[in-house]
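Q: What follows is upload_39.pdb, made up of PDB, C-alpha atoms:
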```
ATOM      1  CA  MET A 546      33.077  -5.422  -4.068
ATOM      2  CA  ARG A 547      31.038  -4.430  -1.039
ATOM      3  CA  SER A 548      32.506  -0.905  -0.935
ATOM      4  CA  ARG A 549      31.541  -0.477  -4.585
ATOM      5  CA  SER A 550      27.986  -1.605  -3.775
ATOM      6  CA  LEU A 551      27.803   0.901  -0.926
ATOM      7  CA  ARG A 552      28.958   3.773  -3.141
ATOM      8  CA  TRP A 553      26.313   2.844  -5.718
ATOM      9  CA  LEU A 554      23.714   2.509  -2.986
ATOM     10  CA  ALA A 555      24.381   6.007  -1.655
ATOM     11  CA  ILE A 556      23.459   7.412  -5.081
ATOM     12  CA  VAL A 557      20.251   5.372  -5.217
ATOM     13  CA  LEU A 558      19.290   6.300  -1.679
ATOM     14  CA  CYS A 559      19.642   9.984  -2.426
ATOM     15  CA  ALA A 560      17.109   9.511  -5.218
ATOM     16  CA  GLY A 561      14.643   7.542  -3.132
ATOM     17  CA  TRP A 562      15.069   8.698   0.486
ATOM     18  CA  LEU A 563      16.151  12.349   0.261
ATOM     19  CA  SER A 564      15.634  12.922   3.968
ATOM     20  CA  ALA A 565      18.625  10.629   4.585
ATOM     21  CA  CYS A 566      20.798  12.540   2.126
ATOM     22  CA  GLY A 567      20.406  16.098   3.337
ATOM     23  CA  GLY A 568      17.346  17.349   1.470
ATOM     24  CA  GLY A 569      15.796  17.530  -1.954
ATOM     25  CA  ASP A 570      12.513  18.381  -3.587
ATOM     26  CA  GLU A 571      10.727  15.015  -3.380
ATOM     27  CA  ASP A 572       7.930  15.033  -0.802
ATOM     28  CA  LEU A 573       8.463  12.141   1.575
ATOM     29  CA  GLY A 574       6.496  13.604   4.460
ATOM     30  CA  GLY A 575       3.328  12.123   5.909
ATOM     31  CA  ASP A 576       0.592  11.892   3.293
ATOM     32  CA  THR A 577      -3.177  11.876   3.810
ATOM     33  CA  ASP A 578      -5.281   9.495   1.743
ATOM     34  CA  SER A 579      -8.266  11.385   0.344
ATOM     35  CA  THR A 580     -10.484   8.301   0.515
ATOM     36  CA  ASP A 581     -10.248   7.174   4.114
ATOM     37  CA  GLY A 582      -8.411   9.995   5.892
ATOM     38  CA  THR A 583      -5.549   7.729   6.952
ATOM     39  CA  VAL A 584      -2.270   9.530   7.585
ATOM     40  CA  TYR A 585       0.661   7.627   6.127
ATOM     41  CA  PRO A 586       3.967   8.280   7.900
ATOM     42  CA  SER A 587       7.219   8.621   6.022
ATOM     43  CA  PRO A 588       8.806   5.219   5.381
ATOM     44  CA  ASN A 589      11.993   4.288   7.161
ATOM     45  CA  GLY A 590      14.129   3.494   4.129
ATOM     46  CA  PRO A 591      17.521   1.841   4.385
ATOM     47  CA  ALA A 592      20.300   3.832   5.967
ATOM     48  CA  ALA A 593      23.057   5.075   3.704
ATOM     49  CA  THR A 594      25.344   2.424   5.199
ATOM     50  CA  ASP A 595      22.978  -0.496   4.508
ATOM     51  CA  TRP A 596      24.092  -3.076   1.966
ATOM     52  CA  VAL A 597      21.301  -3.304  -0.624
ATOM     53  CA  ILE A 598      21.553  -5.663  -3.602
ATOM     54  CA  ARG A 599      19.445  -6.534  -6.628
ATOM     55  CA  GLN A 600      19.025 -10.323  -6.662
ATOM     56  CA  ASP A 601      17.777 -12.221  -9.734
ATOM     57  CA  TYR A 602      15.834 -15.439  -9.052
ATOM     58  CA  GLY A 603      15.023 -16.194 -12.671
ATOM     59  CA  GLY A 604      11.279 -15.699 -12.523
ATOM     60  CA  TYR A 605      11.467 -12.591 -10.356
ATOM     61  CA  GLN A 606      13.885 -10.032  -8.944
ATOM     62  CA  LEU A 607      14.252  -8.648  -5.417
ATOM     63  CA  THR A 608      15.786  -5.456  -4.130
ATOM     64  CA  TYR A 609      17.112  -6.848  -0.872
ATOM     65  CA  ASP A 610      18.588  -5.138   2.183
ATOM     66  CA  CYS A 611      21.323  -7.438   3.503
ATOM     67  CA  THR A 612      21.736  -5.309   6.623
ATOM     68  CA  THR A 613      18.135  -5.443   7.873
ATOM     69  CA  ARG A 614      17.343  -8.892   6.409
ATOM     70  CA  THR A 615      14.392  -7.880   4.283
ATOM     71  CA  ALA A 616      13.376  -7.506   0.671
ATOM     72  CA  LEU A 617      12.201  -3.981  -0.051
ATOM     73  CA  GLN A 618      10.882  -4.338  -3.601
ATOM     74  CA  TYR A 619      10.149  -7.063  -6.149
ATOM     75  CA  SER A 620       9.310  -7.167  -9.832
ATOM     76  CA  TYR A 621       8.508  -9.713 -12.512
ATOM     77  CA  THR A 622       6.590 -10.194 -15.765
ATOM     78  CA  LEU A 623       3.837 -12.743 -16.355
ATOM     79  CA  ASP A 624       2.588 -14.251 -19.606
ATOM     80  CA  VAL A 625      -0.309 -16.644 -20.205
ATOM     81  CA  ASP A 626      -0.741 -19.016 -17.267
ATOM     82  CA  ASN A 627       0.230 -22.554 -18.220
ATOM     83  CA  GLY A 628       1.891 -23.570 -14.969
ATOM     84  CA  THR A 629       1.134 -26.612 -12.839
ATOM     85  CA  ALA A 630       4.193 -26.879 -10.569
ATOM     86  CA  ALA A 631       3.184 -27.600  -6.982
ATOM     87  CA  ARG A 632       3.923 -25.140  -4.224
ATOM     88  CA  PRO A 633       6.519 -26.514  -1.782
ATOM     89  CA  SER A 634       5.166 -27.583   1.593
ATOM     90  CA  SER A 635       7.929 -25.868   3.545
ATOM     91  CA  PHE A 636       9.995 -22.701   3.616
ATOM     92  CA  ARG A 637      13.770 -22.528   3.644
ATOM     93  CA  LEU A 638      16.599 -20.089   4.068
ATOM     94  CA  ASP A 639      17.995 -18.620   0.868
ATOM     95  CA  PRO A 640      21.222 -20.373  -0.250
ATOM     96  CA  THR A 641      21.892 -17.905  -3.080
ATOM     97  CA  LEU A 642      22.771 -14.727  -1.162
ATOM     98  CA  PRO A 643      26.341 -13.452  -1.503
ATOM     99  CA  ALA A 644      28.742 -13.989   1.387
ATOM    100  CA  GLY A 645      28.101 -11.580   4.241
ATOM    101  CA  CYS A 646      24.551 -10.756   3.149
ATOM    102  CA  GLU A 647      22.319 -11.414   6.170
ATOM    103  CA  GLN A 648      18.898 -13.039   6.119
ATOM    104  CA  GLN A 649      16.274 -14.094   8.646
ATOM    105  CA  TYR A 650      17.540 -16.374  11.395
ATOM    106  CA  SER A 651      14.904 -19.034  10.863
ATOM    107  CA  ALA A 652      12.376 -20.465   8.397
ATOM    108  CA  ARG A 653       9.983 -21.253  11.230
ATOM    109  CA  THR A 654       6.534 -19.672  11.281
ATOM    110  CA  TYR A 655       5.919 -16.335  12.971
ATOM    111  CA  ASN A 656       2.652 -17.271  14.665
ATOM    112  CA  PRO A 657       4.146 -19.000  17.750
ATOM    113  CA  VAL A 658       6.143 -15.832  18.466
ATOM    114  CA  TYR A 659       3.212 -13.439  18.091
ATOM    115  CA  ALA A 660      -0.196 -14.799  17.122
ATOM    116  CA  GLY A 661      -1.978 -13.779  13.962
ATOM    117  CA  TYR A 662       0.922 -13.466  11.514
ATOM    118  CA  ASP A 663       1.575 -15.575   8.421
ATOM    119  CA  LEU A 664       4.762 -16.129   6.489
ATOM    120  CA  GLY A 665       3.628 -13.668   3.847
ATOM    121  CA  HIS A 666       4.916 -14.027   0.290
ATOM    122  CA  LEU A 667       6.005 -10.902  -1.548
ATOM    123  CA  VAL A 668       6.198 -12.614  -4.941
ATOM    124  CA  SER A 669       3.159 -14.893  -5.052
ATOM    125  CA  SER A 670       4.204 -18.536  -5.312
ATOM    126  CA  ASN A 671       1.207 -19.142  -7.586
ATOM    127  CA  HIS A 672       2.680 -16.698 -10.086
ATOM    128  CA  MET A 673       5.818 -18.835 -10.294
ATOM    129  CA  ASP A 674       4.097 -22.188 -10.933
ATOM    130  CA  HIS A 675       5.329 -22.331 -14.538
ATOM    131  CA  ASP A 676       8.735 -23.484 -13.280
ATOM    132  CA  ALA A 677       9.462 -25.927 -10.451
ATOM    133  CA  GLU A 678      12.685 -24.129  -9.506
ATOM    134  CA  TYR A 679      11.109 -20.669  -9.519
ATOM    135  CA  ILE A 680       8.240 -21.714  -7.249
ATOM    136  CA  LEU A 681      10.756 -23.298  -4.893
ATOM    137  CA  ARG A 682      12.710 -20.030  -4.757
ATOM    138  CA  ALA A 683       9.512 -18.113  -3.983
ATOM    139  CA  ASN A 684       9.499 -20.019  -0.662
ATOM    140  CA  TYR A 685      12.951 -18.737   0.287
ATOM    141  CA  MET A 686      12.762 -16.545   3.377
ATOM    142  CA  THR A 687      14.164 -13.606   1.386
ATOM    143  CA  ASN A 688      10.711 -13.480  -0.259
ATOM    144  CA  ILE A 689       8.858 -13.692   3.063
ATOM    145  CA  VAL A 690       7.841 -11.045   5.620
ATOM    146  CA  PRO A 691       5.449 -10.964   8.594
ATOM    147  CA  GLN A 692       1.946 -10.386   7.218
ATOM    148  CA  LEU A 693      -1.240 -10.523   9.242
ATOM    149  CA  ALA A 694      -3.118 -13.676   8.315
ATOM    150  CA  ASP A 695      -6.393 -11.812   7.801
ATOM    151  CA  LEU A 696      -4.741  -9.631   5.150
ATOM    152  CA  ASN A 697      -2.660 -12.419   3.603
ATOM    153  CA  ARG A 698      -5.683 -14.672   3.102
ATOM    154  CA  GLY A 699      -8.118 -11.851   2.436
ATOM    155  CA  ILE A 700      -7.906  -8.815   0.190
ATOM    156  CA  TRP A 701      -4.228  -9.335  -0.635
ATOM    157  CA  VAL A 702      -5.192 -12.501  -2.508
ATOM    158  CA  LYS A 703      -7.603 -10.356  -4.535
ATOM    159  CA  ALA A 704      -4.733  -8.104  -5.604
ATOM    160  CA  GLU A 705      -2.645 -11.141  -6.547
ATOM    161  CA  ASN A 706      -5.563 -12.513  -8.556
ATOM    162  CA  VAL A 707      -5.744  -9.373 -10.682
ATOM    163  CA  ALA A 708      -2.285 -10.169 -12.031
ATOM    164  CA  GLU A 709      -3.121 -13.883 -12.236
ATOM    165  CA  CYS A 710      -6.171 -13.247 -14.411
ATOM    166  CA  TYR A 711      -5.056 -10.349 -16.597
ATOM    167  CA  ARG A 712      -1.897 -12.211 -17.610
ATOM    168  CA  ASP A 713      -4.118 -14.382 -19.825
ATOM    169  CA  ILE A 714      -5.290 -11.291 -21.726
ATOM    170  CA  ALA A 715      -1.918  -9.602 -22.214
ATOM    171  CA  PRO A 716       1.479  -9.766 -20.481
ATOM    172  CA  VAL A 717       1.519  -8.018 -17.104
ATOM    173  CA  GLN A 718       4.362  -6.383 -15.230
ATOM    174  CA  VAL A 719       4.104  -6.732 -11.467
ATOM    175  CA  TYR A 720       5.905  -4.520  -8.961
ATOM    176  CA  GLY A 721       5.531  -4.483  -5.213
ATOM    177  CA  GLY A 722       7.159  -4.109  -1.866
ATOM    178  CA  VAL A 723       6.861  -3.262   1.796
ATOM    179  CA  VAL A 724       7.115  -0.123   3.889
ATOM    180  CA  TYR A 725       8.554  -0.043   7.413
ATOM    181  CA  SER A 726       7.675   3.007   9.498
ATOM    182  CA  ASP A 727       6.800   1.977  13.080
ATOM    183  CA  PRO A 728       9.074  -0.040  15.406
ATOM    184  CA  SER A 729       6.332  -0.621  18.005
ATOM    185  CA  ASN A 730       5.119  -3.844  16.330
ATOM    186  CA  ASP A 731       8.477  -5.403  15.546
ATOM    187  CA  TRP A 732       7.637  -8.650  17.330
ATOM    188  CA  PHE A 733      10.031 -10.845  15.335
ATOM    189  CA  LEU A 734      13.396  -9.140  15.680
ATOM    190  CA  ALA A 735      14.666 -11.572  18.331
ATOM    191  CA  SER A 736      13.264 -14.728  16.712
ATOM    192  CA  HIS A 737      13.815 -13.971  13.017
ATOM    193  CA  GLY A 738      15.806 -10.739  12.797
ATOM    194  CA  ILE A 739      13.147  -8.977  10.708
ATOM    195  CA  ARG A 740      10.865  -6.035  11.360
ATOM    196  CA  THR A 741       7.099  -6.029  10.741
ATOM    197  CA  PRO A 742       5.956  -4.043   7.680
ATOM    198  CA  GLU A 743       3.303  -1.360   8.150
ATOM    199  CA  PHE A 744       2.238  -1.344   4.493
ATOM    200  CA  PHE A 745       2.283  -3.570   1.425
ATOM    201  CA  TRP A 746       2.134  -2.065  -2.044
ATOM    202  CA  LYS A 747       1.579  -3.545  -5.479
ATOM    203  CA  ALA A 748       1.404  -2.103  -8.999
ATOM    204  CA  ILE A 749       0.339  -3.885 -12.190
ATOM    205  CA  LEU A 750       0.941  -2.609 -15.717
ATOM    206  CA  THR A 751      -0.506  -4.201 -18.833
ATOM    207  CA  THR A 752      -2.076  -3.370 -22.205
ATOM    208  CA  ASP A 753      -5.760  -2.891 -22.899
ATOM    209  CA  PRO A 754      -6.434  -5.207 -25.866
ATOM    210  CA  ALA A 755      -9.404  -3.103 -26.960
ATOM    211  CA  THR A 756      -7.323   0.036 -27.428
ATOM    212  CA  GLY A 757      -3.737  -1.186 -27.502
ATOM    213  CA  GLN A 758      -2.934   1.401 -24.840
ATOM    214  CA  ALA A 759      -1.013   0.831 -21.611
ATOM    215  CA  LYS A 760      -2.958   0.808 -18.377
ATOM    216  CA  ALA A 761      -1.953   0.566 -14.735
ATOM    217  CA  ILE A 762      -3.367  -0.042 -11.284
ATOM    218  CA  ALA A 763      -1.764   0.175  -7.844
ATOM    219  CA  TRP A 764      -2.631  -0.300  -4.170
ATOM    220  CA  TYR A 765      -1.043   0.786  -0.896
ATOM    221  CA  VAL A 766      -2.473  -1.446   1.824
ATOM    222  CA  PRO A 767      -1.920  -1.308   5.599
ATOM    223  CA  ASN A 768      -0.789  -4.494   7.312
ATOM    224  CA  VAL A 769      -3.834  -4.654   9.586
ATOM    225  CA  ASP A 770      -6.807  -6.947  10.217
ATOM    226  CA  GLY A 771     -10.379  -6.386   9.118
ATOM    227  CA  LEU A 772      -9.975  -4.812   5.681
ATOM    228  CA  SER A 773     -13.090  -5.378   3.595
ATOM    229  CA  GLY A 774     -12.009  -4.420   0.088
ATOM    230  CA  LEU A 775      -9.183  -3.148  -2.108
ATOM    231  CA  ASP A 776     -10.846  -0.039  -3.517
ATOM    232  CA  ALA A 777     -10.147   2.138  -0.467
ATOM    233  CA  TYR A 778      -6.424   1.570  -1.018
ATOM    234  CA  LEU A 779      -6.151   2.419  -4.704
ATOM    235  CA  VAL A 780      -3.404   4.902  -5.553
ATOM    236  CA  SER A 781      -1.744   6.064  -8.730
ATOM    237  CA  ILE A 782       1.856   5.068  -9.329
ATOM    238  CA  THR A 783       2.717   8.749  -8.922
ATOM    239  CA  GLU A 784       1.168   8.724  -5.438
ATOM    240  CA  LEU A 785       2.972   5.476  -4.716
ATOM    241  CA  GLU A 786       6.283   7.078  -5.638
ATOM    242  CA  GLN A 787       5.537   9.981  -3.285
ATOM    243  CA  ARG A 788       4.899   7.600  -0.396
ATOM    244  CA  VAL A 789       7.617   5.015  -1.034
ATOM    245  CA  GLY A 790      10.244   6.828  -3.107
ATOM    246  CA  THR A 791      10.615   6.875  -6.876
ATOM    247  CA  ALA A 792      13.886   4.935  -6.918
ATOM    248  CA  LEU A 793      12.539   2.118  -4.798
ATOM    249  CA  VAL A 794       9.241   1.753  -6.678
ATOM    250  CA  GLY A 795      11.404   1.352  -9.761
ATOM    251  CA  ILE A 796       8.741   1.717 -12.456
ATOM    252  CA  THR A 797       9.655   3.247 -15.808
ATOM    253  CA  ALA A 798       6.493   4.414 -17.572
ATOM    254  CA  PRO A 799       5.080   7.578 -19.163
ATOM    255  CA  ALA A 800       3.718  10.166 -16.743
ATOM    256  CA  ALA A 801       0.192   9.609 -18.048
ATOM    257  CA  VAL A 802       0.383   5.916 -17.144
ATOM    258  CA  LYS A 803       1.805   6.683 -13.711
ATOM    259  CA  ALA A 804      -1.076   9.107 -13.114
ATOM    260  CA  MET A 805      -3.750   6.462 -13.767
ATOM    261  CA  LYS A 806      -6.000   5.695 -10.798
ATOM    262  CA  PRO A 807      -9.066   3.593 -11.597
ATOM    263  CA  ALA A 808     -12.224   4.376  -9.634
ATOM    264  CA  THR A 809     -12.479   0.711  -8.655
ATOM    265  CA  SER A 810     -10.163  -2.289  -8.747
ATOM    266  CA  TRP A 811     -10.216  -4.124 -12.055
ATOM    267  CA  PRO A 812     -12.887  -6.832 -12.094
ATOM    268  CA  LEU A 813     -11.654 -10.353 -12.703
ATOM    269  CA  PRO A 814     -12.413 -11.564 -16.233
ATOM    270  CA  ALA A 815     -15.114 -14.211 -16.548
ATOM    271  CA  GLY A 816     -13.816 -17.752 -16.330
ATOM    272  CA  CYS A 817     -10.456 -16.805 -14.853
ATOM    273  CA  ASN A 818      -8.659 -19.740 -13.241
ATOM    274  CA  THR A 819      -6.880 -18.449 -10.144
ATOM    275  CA  ALA A 820      -5.351 -21.839  -9.219
TER     276      ALA A 820
END
```
Written as structure tokens, that's how I'd like the structure from this file.

A:
Amino acid sequence: MRSRSLRWLAIVLCAGWLSACGGGDEDLGGDTDSTDGTVYPSPNGPAATDWVIRQDYGGYQLTYDCTTRTALQYSYTLDVDNGTAARPSSFRLDPTLPAGCEQQYSARTYNPVYAGYDLGHLVSSNHMDHDAEYILRANYMTNIVPQLADLNRGIWVKAENVAECYRDIAPVQVYGGVVYSDPSNDWFLASHGIRTPEFFWKAILTTDPATGQAKAIAWYVPNVDGLSGLDAYLVSITELEQRVGTALVGITAPAAVKAMKPATSWPLPAGCNTA
């Protein structure tokens, strides 16, 4: 079974990380953001020998690298918010991974190892509060990566709240993931077996009720302190695919939707309950 997964993975990797497969026409070189001048290095995608699986947790799905103990991408769909399930008070290792699939060594916090980092959710636990089992699974360590506390509790919450609020207007599709590109800040390899992401990305697709047309928004946000707003990190899904890799982003949508890049982040609708 594993050899079959590896053969399938090699095909996927050649679509998403052409530099690891001997070339291609997709630009995965460093990219310069036109808004803030930041140079974004090429992501270090999984090696062709990594064991990558697609794991279904009911409310959400993860593309998970069993070799490097990290989720790479997540996706899920949200409808009207009617959930009240409480978030668990603790984190736990994931009991659902197939035999031989590695995960983080510990569910302990990162902060004692290197100060300033939270156990950062990829799939927001608040988005899973419609089901007690789903919100429990969102606290599995397969859904957790090192995220600076200032980002986790700051502008990243604002991105999560866009999905939380717009779900009440029309169903939303949420995609996201992490990018690893710099080993110099990998503080948690010895303690947890996981690297530290350099970037977090998120894309939201929904329907404009006024026009009935699809619309999309996406961000590519560095894992650093002191960020003051989301707007500087807006990208189109097309740009996101160039930076992360089309296969890994995993969004099927018309080119016109992928090209959408709002001038500002969507404002939260009046009266939105973000709890």

Q: Got a sec to resolve the PyMOL selection byres ((chain A and resi 784) around 10) on this structure and send the residues as a list in words?

A: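 That expression, the PyMOL selection byres ((chain A and resi 784) around 10), corresponds here to Asp576, Asp578, Ala763, Trp764, Tyr765, Leu779, Val780, Ser781, Ile782, Thr783, Leu785, Glu786, Gln787, Arg788, Val789, Gly790, Thr791, Lys803, Ala804, Met805 and Lys806 of chain A.
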
Q: Measuring between all atoms listed in the file, which one of A:Ser669, A:Asn684, A:Asn589, A:Gln649 shows the shortest distance to Ser634 of chain A?

A: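 Answer, going by the shortest atom-to-atom distance: A:Asn684.
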
Q: For segment 692-698 of chain A, find every residue with an atom within 12 Å (counting all atoms listed in the file), except residues of its own chain fewer than 4 positions away, and show them as an MDAnalysis selection string.

A: chainID A and resid 654:656 659:667 669 688 702:706 723:724 730:733 739:745 766:775

Q: To one decimal place in Å, what is the distance between atom CA of Gly722 of chain A and atom CA of Lys747 of chain A?

A: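 Going from atom CA of Gly722 of chain A over to atom CA of Lys747 of chain A covers 6.7 Å.
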
Q: Could you expand the PyMOL selection byres ((chain A and resi 627) around 10) into the explicit residues it covers here, written as a JSON list (two decimals) with C-alpha atoms, in the frame of the given file?

A:
```json
[["chain", "number", "residue", "atom", "x", "y", "z"],
["A", 624, "ASP", "CA", 2.59, -14.25, -19.61],
["A", 625, "VAL", "CA", -0.31, -16.64, -20.20],
["A", 626, "ASP", "CA", -0.74, -19.02, -17.27],
["A", 628, "GLY", "CA", 1.89, -23.57, -14.97],
["A", 629, "THR", "CA", 1.13, -26.61, -12.84],
["A", 630, "ALA", "CA", 4.19, -26.88, -10.57],
["A", 674, "ASP", "CA", 4.10, -22.19, -10.93],
["A", 675, "HIS", "CA", 5.33, -22.33, -14.54],
["A", 676, "ASP", "CA", 8.74, -23.48, -13.28],
["A", 713, "ASP", "CA", -4.12, -14.38, -19.82]]
```

Q: As an exercise, work out the distance from atom CA of Gln600 of chain A to atom CA of Tyr650 of chain A in Å and give it to one decimal place.

A: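 Taking atom CA of Gln600 of chain A and atom CA of Tyr650 of chain A, their separation equals 19.1 Å.
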
Q: Please compute the atom CA of Pro657 of chain A-atom CA of Leu734 of chain A distance, one decimal, in Å.

A: 13.7 Å

Q: Starting from the PyMOL selection byres ((chain A and resi 598) around 6), expand the selection into actual residues of this file and give them as a list in words.

A: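 Taken over the shown coordinates, the PyMOL selection byres ((chain A and resi 598) around 6) returns Val597, Arg599, Thr608 and Tyr609 of chain A.
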
Q: Between A:Gln758, A:Ser635, A:Ser726, A:Ser670, which has the minimum distance to Tyr605 of chain A (counting all atoms listed in the file)?

A: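 Once distances to Tyr605 of chain A are computed over all atoms listed in the file, the minimum belongs to A:Ser670.
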
Q: Pick out the residues sitting within 6 Å of Lys760 of chain A, and hand them over as a PDB file with C-alpha atoms, keeping the file's coordinate frame; count only C-alpha atoms, and ignore anything fewer than 3 positions along from it in its own chain.

A:
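Saved the output as result_7.pdb:
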```pdb
ATOM      1  CA  LEU A 750       0.941  -2.609 -15.717  1.00  0.00           C
ATOM      2  CA  THR A 751      -0.506  -4.201 -18.833  1.00  0.00           C
ATOM      3  CA  THR A 752      -2.076  -3.370 -22.205  1.00  0.00           C
TER       4      THR A 752
END
```

Q: Output as JSON lines one row per residue of segment 657-697 of chain A within 10 Å of segment 614-618 of chain A: the closest atom pair and its distance in Å to one decimal place, counting only C-alpha atoms, sorted by chain and residue number ascending.

A:
```
{"residue": "A:Leu667", "atom": "CA", "partner": "A:Ala616", "partner_atom": "CA", "distance": 8.4}
{"residue": "A:Val668", "atom": "CA", "partner": "A:Gln618", "partner_atom": "CA", "distance": 9.6}
{"residue": "A:Met686", "atom": "CA", "partner": "A:Thr615", "partner_atom": "CA", "distance": 8.9}
{"residue": "A:Thr687", "atom": "CA", "partner": "A:Ala616", "partner_atom": "CA", "distance": 6.2}
{"residue": "A:Asn688", "atom": "CA", "partner": "A:Ala616", "partner_atom": "CA", "distance": 6.6}
{"residue": "A:Ile689", "atom": "CA", "partner": "A:Ala616", "partner_atom": "CA", "distance": 8.0}
{"residue": "A:Val690", "atom": "CA", "partner": "A:Thr615", "partner_atom": "CA", "distance": 7.4}
```

Q: Find the residue from A:Ile700, A:Ala715, A:Ala815, A:Ala761 that sits nearest to Ala801 of chain A; use all atoms listed in the file when measuring.

A: A:Ala761

Q: Between A:Val717, A:Gly590, A:Gln648, A:Ala735, single out the one closest to Asp753 of chain A, counting all atoms listed in the file.

A: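 Between A:Val717, A:Gly590, A:Gln648, A:Ala735, the residue approaching Asp753 of chain A most closely is A:Val717.
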